[in-house]
file final.txt (compact mmCIF, C-alpha atoms)
# COMPACT_ATOMS: atom_id res chain seq x y z
CA MET A 1 1.26 228.01 84.52
CA GLN A 2 0.13 230.27 87.29
CA ILE A 3 -2.19 229.19 90.07
CA PRO A 4 -5.23 231.51 90.26
CA VAL A 5 -5.04 233.96 93.15
CA GLU A 6 -8.52 232.95 94.33
CA TRP A 7 -7.15 229.58 95.40
CA TYR A 8 -4.68 231.23 97.72
CA LEU A 9 -7.40 233.45 99.12
CA VAL A 10 -9.71 230.50 99.79
CA LEU A 11 -6.94 228.52 101.49
CA SER A 12 -6.06 231.58 103.53
CA ALA A 13 -9.72 232.04 104.49
CA PHE A 14 -9.80 228.43 105.71
CA LEU A 15 -6.66 228.82 107.80
CA PHE A 16 -7.80 232.16 109.21
CA VAL A 17 -11.24 230.88 110.23
CA ILE A 18 -9.70 227.79 111.82
CA GLY A 19 -7.33 230.06 113.75
CA ALA A 20 -10.14 232.38 114.84
CA THR A 21 -12.19 229.39 115.95
CA GLY A 22 -9.24 228.15 117.97
CA VAL A 23 -8.84 231.49 119.71
CA LEU A 24 -12.53 231.64 120.58
CA VAL A 25 -13.34 228.08 121.67
CA ARG A 26 -10.20 226.71 123.30
CA ARG A 27 -9.55 227.39 126.97
CA ASN A 28 -5.87 226.51 126.94
CA LEU A 29 -3.67 229.58 126.56
CA PHE A 30 -1.09 227.64 124.52
CA ILE A 31 -3.62 226.66 121.87
CA VAL A 32 -4.80 230.27 121.74
CA LEU A 33 -1.24 231.39 120.97
CA PHE A 34 -0.88 228.62 118.34
CA SER A 35 -4.09 229.81 116.72
CA ILE A 36 -2.81 233.38 116.55
CA GLU A 37 0.29 232.11 114.72
CA LEU A 38 -2.02 230.23 112.36
CA MET A 39 -3.96 233.41 111.57
CA MET A 40 -0.74 235.33 110.91
CA ASN A 41 0.34 232.62 108.50
CA ALA A 42 -2.95 232.89 106.65
CA VAL A 43 -2.32 236.60 106.15
CA ASN A 44 1.24 235.92 104.95
CA LEU A 45 -0.17 233.58 102.32
CA ASN A 46 -2.36 236.39 100.98
CA LEU A 47 0.54 238.81 100.84
CA VAL A 48 2.69 236.36 98.91
CA ALA A 49 -0.13 235.54 96.50
CA PHE A 50 -0.75 239.20 95.69
CA SER A 51 2.96 239.87 95.44
CA ARG A 52 3.07 237.22 92.72
CA LEU A 53 -0.04 238.56 91.01
CA HIS A 54 1.11 242.16 90.90
CA GLU A 55 4.68 241.20 90.02
CA ASN A 56 6.44 243.26 92.63
CA LEU A 57 8.20 242.26 95.82
CA ILE A 58 6.68 244.68 98.32
CA GLY A 59 4.29 241.96 99.47
CA GLN A 60 7.09 239.51 100.13
CA ASN A 61 8.98 242.15 102.08
CA PHE A 62 5.88 242.78 104.13
CA VAL A 63 5.80 239.10 105.06
CA LEU A 64 9.25 239.53 106.57
CA PHE A 65 7.88 242.28 108.81
CA THR A 66 4.87 240.15 109.74
CA MET A 67 7.26 237.41 110.81
CA THR A 68 9.21 239.92 112.90
CA VAL A 69 6.03 240.95 114.67
CA ALA A 70 5.06 237.28 115.10
CA ALA A 71 8.41 236.52 116.70
CA ALA A 72 8.14 239.46 119.11
CA GLU A 73 4.55 238.51 119.87
CA ALA A 74 5.47 234.90 120.58
CA ALA A 75 8.25 235.99 122.95
CA VAL A 76 6.07 238.44 124.87
CA GLY A 77 3.11 236.04 124.84
CA LEU A 78 5.20 233.24 126.29
CA ALA A 79 6.64 235.58 128.93
CA ILE A 80 3.12 236.58 129.99
CA LEU A 81 2.13 232.91 129.95
CA THR A 82 4.97 231.83 132.22
CA SER A 83 4.34 234.59 134.73
CA LEU A 84 0.60 233.83 134.69
CA PHE A 85 1.31 230.16 135.25
CA ARG A 86 3.68 231.01 138.10
CA ASN A 87 1.09 233.19 139.84
CA ARG A 88 -2.16 231.39 139.11
CA LYS A 89 -1.06 227.74 138.58
CA THR A 90 -3.43 227.41 135.65
CA LEU A 91 -3.51 228.21 131.95
CA MET A 92 -7.23 228.16 131.28
CA VAL A 93 -8.05 231.58 129.90
CA ASP A 94 -11.54 231.87 131.39
CA THR A 95 -10.08 231.71 134.90
CA PHE A 96 -8.23 234.97 134.32
CA ASP A 97 -11.14 237.29 135.05
CA LEU A 98 -9.50 239.75 137.41
CA MET A 99 -10.43 242.73 135.25
CA LYS A 100 -13.98 241.59 134.57
CA GLY A 101 -16.51 244.16 135.74
CA MET B 1 -1.47 221.24 85.77
CA ALA B 2 1.07 219.61 88.02
CA ASP B 3 1.42 222.93 89.85
CA LYS B 4 -2.26 222.97 90.69
CA PHE B 5 -2.19 219.38 91.87
CA VAL B 6 0.73 220.09 94.20
CA PHE B 7 -0.98 223.25 95.46
CA ILE B 8 -4.15 221.35 96.32
CA MET B 9 -2.12 218.69 98.10
CA PHE B 10 -0.22 221.23 100.21
CA ALA B 11 -3.41 223.17 100.89
CA ALA B 12 -5.33 220.08 102.02
CA LEU B 13 -2.50 219.00 104.31
CA ALA B 14 -2.20 222.51 105.77
CA VAL B 15 -5.92 222.65 106.53
CA ILE B 16 -5.87 219.16 108.07
CA GLY B 17 -2.92 220.16 110.23
CA ALA B 18 -4.62 223.38 111.30
CA LEU B 19 -7.79 221.50 112.23
CA GLY B 20 -5.64 219.14 114.25
CA VAL B 21 -4.06 222.03 116.14
CA ILE B 22 -7.37 223.28 117.47
CA THR B 23 -8.86 219.85 118.21
CA ARG B 24 -6.04 217.99 120.03
CA SER B 25 -6.12 218.18 123.81
CA ASN B 26 -2.42 217.27 124.06
CA ILE B 27 -0.44 220.48 123.57
CA VAL B 28 2.65 218.71 122.23
CA HIS B 29 0.58 217.06 119.51
CA GLY B 30 -0.90 220.46 118.68
CA LEU B 31 2.57 221.94 118.45
CA ILE B 32 3.82 219.24 116.08
CA LEU B 33 0.74 219.62 113.90
CA LEU B 34 1.38 223.37 113.81
CA VAL B 35 4.91 222.73 112.56
CA PHE B 36 3.43 220.42 109.93
CA THR B 37 1.00 223.16 108.82
CA PHE B 38 3.80 225.72 108.59
CA LEU B 39 5.93 223.37 106.51
CA ASN B 40 3.04 222.94 104.10
CA VAL B 41 2.63 226.71 103.88
CA ALA B 42 6.36 226.90 103.16
CA GLY B 43 5.76 224.45 100.32
CA ILE B 44 3.11 226.78 98.92
CA PHE B 45 5.57 229.68 99.16
CA LEU B 46 8.03 227.62 97.12
CA LEU B 47 5.33 226.99 94.55
CA THR B 48 4.71 230.75 94.31
CA GLN B 49 8.42 231.38 93.64
CA ALA B 50 8.89 233.09 97.00
CA TYR B 51 12.01 231.03 97.67
CA PHE B 52 13.54 233.24 100.34
CA LEU B 53 10.30 233.38 102.30
CA ALA B 54 9.94 229.61 102.12
CA VAL B 55 13.36 229.22 103.73
CA ILE B 56 12.58 231.91 106.31
CA GLN B 57 9.27 230.23 107.06
CA VAL B 58 11.04 226.98 107.87
CA LEU B 59 13.90 228.64 109.77
CA VAL B 60 12.06 231.31 111.73
CA TYR B 61 8.55 229.93 112.12
CA ALA B 62 8.92 226.17 112.18
CA GLY B 63 12.43 226.46 113.57
CA ALA B 64 12.79 229.33 116.02
CA ILE B 65 9.30 230.37 117.14
CA LEU B 66 7.89 226.89 117.55
CA VAL B 67 11.03 225.64 119.28
CA LEU B 68 10.52 228.51 121.73
CA PHE B 69 6.97 227.28 122.27
CA ALA B 70 8.27 223.73 122.65
CA PHE B 71 10.73 224.85 125.34
CA VAL B 72 7.99 226.51 127.37
CA VAL B 73 5.67 223.53 126.92
CA MET B 74 8.41 221.23 128.15
CA PHE B 75 9.34 223.14 131.27
CA LEU B 76 5.85 223.85 132.51
CA ASN B 77 4.14 220.80 133.87
CA LEU B 78 1.01 220.73 131.77
CA ARG B 79 -0.08 217.12 131.93
CA GLU B 80 -2.93 217.81 134.34
CA PHE B 81 -4.63 220.24 131.97
CA GLN B 82 -5.51 217.49 129.53
CA GLN B 83 -8.11 216.12 131.90
CA LEU B 84 -9.88 219.48 132.20
CA GLU B 85 -12.64 220.75 129.96
CA GLN B 86 -10.92 222.09 126.83
CA LEU B 87 -13.69 224.23 125.37
CA HIS B 88 -15.59 227.22 126.64
CA PRO B 89 -18.93 225.78 127.74
CA LYS B 90 -21.29 228.35 126.21
CA GLN B 91 -19.09 230.23 123.80
CA LYS B 92 -18.38 227.12 121.73
CA TRP B 93 -21.93 226.85 120.41
CA VAL B 94 -21.93 230.45 119.24
CA VAL B 95 -18.58 229.98 117.54
CA LEU B 96 -19.56 226.71 115.89
CA VAL B 97 -22.42 228.58 114.21
CA LEU B 98 -20.53 231.78 113.42
CA ALA B 99 -17.27 230.25 112.13
CA PRO B 100 -18.78 228.44 109.13
CA LEU B 101 -20.79 231.58 108.44
CA MET B 102 -17.62 233.65 108.45
CA LEU B 103 -15.88 231.13 106.19
CA ALA B 104 -18.80 231.17 103.74
CA GLU B 105 -18.73 234.94 103.75
CA PHE B 106 -14.99 235.05 103.08
CA ILE B 107 -15.25 232.57 100.22
CA PHE B 108 -18.25 234.39 98.73
CA VAL B 109 -16.46 237.74 98.74
CA VAL B 110 -13.11 236.35 97.61
CA THR B 111 -14.41 234.35 94.67
CA GLY B 112 -16.85 237.07 93.64
CA ALA B 113 -14.22 239.73 93.04
CA THR B 114 -12.00 239.94 89.99
CA TYR B 115 -8.29 240.49 90.36
CA ALA B 116 -6.38 242.38 87.70
CA SER B 117 -2.62 242.41 87.85
CA VAL B 118 -1.02 245.81 88.22
CA GLY B 119 1.98 244.44 86.37
CA GLY B 120 4.84 245.71 88.51
CA GLY B 121 7.30 244.30 86.04
CA LEU B 122 9.03 241.83 88.34
CA SER B 123 7.80 238.64 86.73
CA PRO B 124 9.71 235.43 87.53
CA GLU B 125 11.67 235.74 84.28
CA VAL B 126 12.78 239.28 85.10
CA ILE B 127 13.69 238.26 88.64
CA ALA B 128 15.76 235.34 87.36
CA GLU B 129 17.53 237.69 84.96
CA ARG B 130 18.33 240.20 87.70
CA GLY B 131 19.98 237.67 89.98
CA GLY B 132 17.19 235.64 91.58
CA ASN B 133 14.57 236.06 94.26
CA VAL B 134 16.94 236.77 97.16
CA GLN B 135 18.89 239.43 95.25
CA VAL B 136 15.82 241.36 94.12
CA LEU B 137 14.07 241.00 97.48
CA GLY B 138 17.15 242.36 99.23
CA GLU B 139 17.34 245.31 96.84
CA VAL B 140 13.73 246.22 97.65
CA LEU B 141 14.23 245.61 101.38
CA PHE B 142 17.27 247.86 101.66
CA GLY B 143 15.91 250.39 99.20
CA GLU B 144 12.36 251.57 99.57
CA MET B 145 11.60 249.42 102.65
CA LEU B 146 14.61 250.62 104.63
CA LEU B 147 12.66 252.62 107.23
CA PRO B 148 10.22 249.77 108.04
CA PHE B 149 13.24 247.48 108.25
CA GLU B 150 14.84 249.65 110.92
CA ILE B 151 11.53 249.92 112.79
CA ALA B 152 11.30 246.11 112.74
CA SER B 153 14.60 245.93 114.59
CA LEU B 154 13.14 248.29 117.20
CA ILE B 155 10.10 246.00 117.57
CA LEU B 156 12.40 243.04 118.16
CA LEU B 157 14.35 245.00 120.78
CA VAL B 158 11.16 246.02 122.60
CA GLY B 159 9.86 242.45 122.39
CA MET B 160 13.09 241.11 123.84
CA VAL B 161 13.21 243.59 126.74
CA GLY B 162 9.49 243.11 127.38
CA ALA B 163 9.83 239.34 127.48
CA ILE B 164 12.71 239.54 129.96
CA LEU B 165 10.82 241.99 132.18
CA LEU B 166 7.59 240.01 132.15
CA ALA B 167 9.14 236.62 132.78
CA HIS B 168 11.46 237.94 135.47
CA LYS B 169 10.60 236.66 138.91
CA GLU B 170 9.73 239.36 141.41
CA GLY B 171 11.69 239.57 144.66
CA GLY B 172 15.32 239.75 145.55
CA SER B 173 17.72 237.51 147.33
CA GLU B 174 15.78 234.26 147.72
CA ASN B 175 15.64 233.86 143.96
CA ARG B 176 19.35 233.85 143.53
CA LEU B 177 20.81 230.59 142.32
CA ARG B 178 21.07 228.30 145.25
CA GLU B 179 24.32 226.57 145.99
CA TRP B 180 24.41 222.98 147.07
CA GLY B 181 26.99 221.64 149.49
CA GLU B 182 28.56 218.20 149.53
CA GLY B 183 26.03 215.37 149.78
CA GLU B 184 22.89 217.51 149.64
CA GLU B 185 22.10 217.48 145.92
CA PRO B 186 18.39 218.05 145.27
CA THR B 187 16.14 215.14 144.40
CA SER B 188 13.88 215.42 141.37
CA ALA B 189 10.81 215.55 143.63
CA PHE B 190 12.27 218.55 145.44
CA VAL B 191 12.96 220.35 142.15
CA GLU B 192 9.42 219.65 141.02
CA GLN B 193 8.08 221.16 144.24
CA GLU B 194 10.34 224.22 143.98
CA VAL B 195 9.23 224.95 140.44
call {"tool": "encode", "arguments": {"input": "final.txt", "output": "structure tokens"}}
result
Amino acid sequence: MQIPVEWYLVLSAFLFVIGATGVLVRRNLFIVLFSIELMMNAVNLNLVAFSRLHENLIGQNFVLFTMTVAAAEAAVGLAILTSLFRNRKTLMVDTFDLMKG
Amino acid sequence: MADKFVFIMFAALAVIGALGVITRSNIVHGLILLVFTFLNVAGIFLLTQAYFLAVIQVLVYAGAILVLFAFVVMFLNLREFQQLEQLHPKQKWVVLVLAPLMLAEFIFVVTGATYASVGGGLSPEVIAERGGNVQVLGEVLFGEMLLPFEIASLILLVGMVGAILLAHKEGGSENRLREWGEGEEPTSAFVEQEV
């Protein structure tokens, strides 16, 4: 028996909103990066659910590419984080306001 | 019926883990809860017959990416940040109003629409007949998705070079590995200060 696709979409909506909330309210740069990963996972869930619904595997292949981008993003994000921490000795995102007008 | 029960269980645990990630002030706890969430999502992938992706989720996400995060968490000294204010002082009120609104909107739109299957022909029975999930996924990946696949390798290369460039310490000779003579090994306090 197949699970209705709406269930996946609702779960994905929950995870995405939690991730978005994390990005917007938390000051710690690490938690912001975690939340971005969470949002990407929510999108992956949708792709897999629709891949199952439409009975082709393009969606599942797309998840592989999303994971590639997530891996590259995590590497670059952590590199930026370490160099920020080295220069500013803090990780609270609202202290990085050098480009604020 | 059992499928739906297992789905709800995984979904509930994933949401609880995700809520934990954004509420813990200890980053290591947040990281472990994130791994927990990803493992639950991998369970849902298994339930959807996306077996290869479930394995990749555990290996790449819960394994590689989060271990990378764990490494960085471990070698930066982050204990002092736990005492600081964790939330944006004004922004949080706006978000606490807007986030439930956004969730309600998502759920309203998602449950209101109807979803008709296109019927691509690759039902689980057909996939099993043609050699299983990994076989068919690989055929699609190296067939019609070949160009995106090659571009993905380029993204990884750029990400790798970018990460090395960004994390590289500026300056020349004083950053070279220092050599220690006899009887002058560094104490841990000195290393702490240097870092």
call {"tool": "closest_residue", "arguments": {"input": "final.txt", "among": "B:Val161, B:Ala2, B:Gly138, B:Gly119", "to": "chain A", "atoms": "only C-alpha atoms"}}
result
B:Gly119
call {"tool": "closest_residue", "arguments": {"input": "final.txt", "among": "B:Ala116, B:Val95, B:Val73, B:Val60", "to": "Pro4 (chain A)", "atoms": "all atoms listed in the file"}}
result
B:Ala116
call {"tool": "atom_distance", "arguments": {"input": "final.txt", "atom1": "CA of Met39 (chain A)", "atom2": "CA of Leu15 (chain A)"}}
result
6.5 Å
call {"tool": "atom_distance", "arguments": {"input": "final.txt", "atom1": "CA of Val63 (chain A)", "atom2": "CA of Ala50 (chain B)"}}
result
10.5 Å
call {"tool": "atom_distance", "arguments": {"input": "final.txt", "atom1": "CA of Val28 (chain B)", "atom2": "CA of Phe71 (chain B)"}}
result
10.6 Å
call {"tool": "closest_residue", "arguments": {"input": "final.txt", "among": "A:Ile36, A:Leu91, A:Met99, A:Ala74", "to": "Gln86 (chain B)", "atoms": "all atoms listed in the file"}}
result
A:Leu91
call {"tool": "closest_residue", "arguments": {"input": "final.txt", "among": "B:Gln91, B:Ala189, B:Leu13, B:Ala167", "to": "Val72 (chain B)", "atoms": "only C-alpha atoms"}}
result
B:Ala167
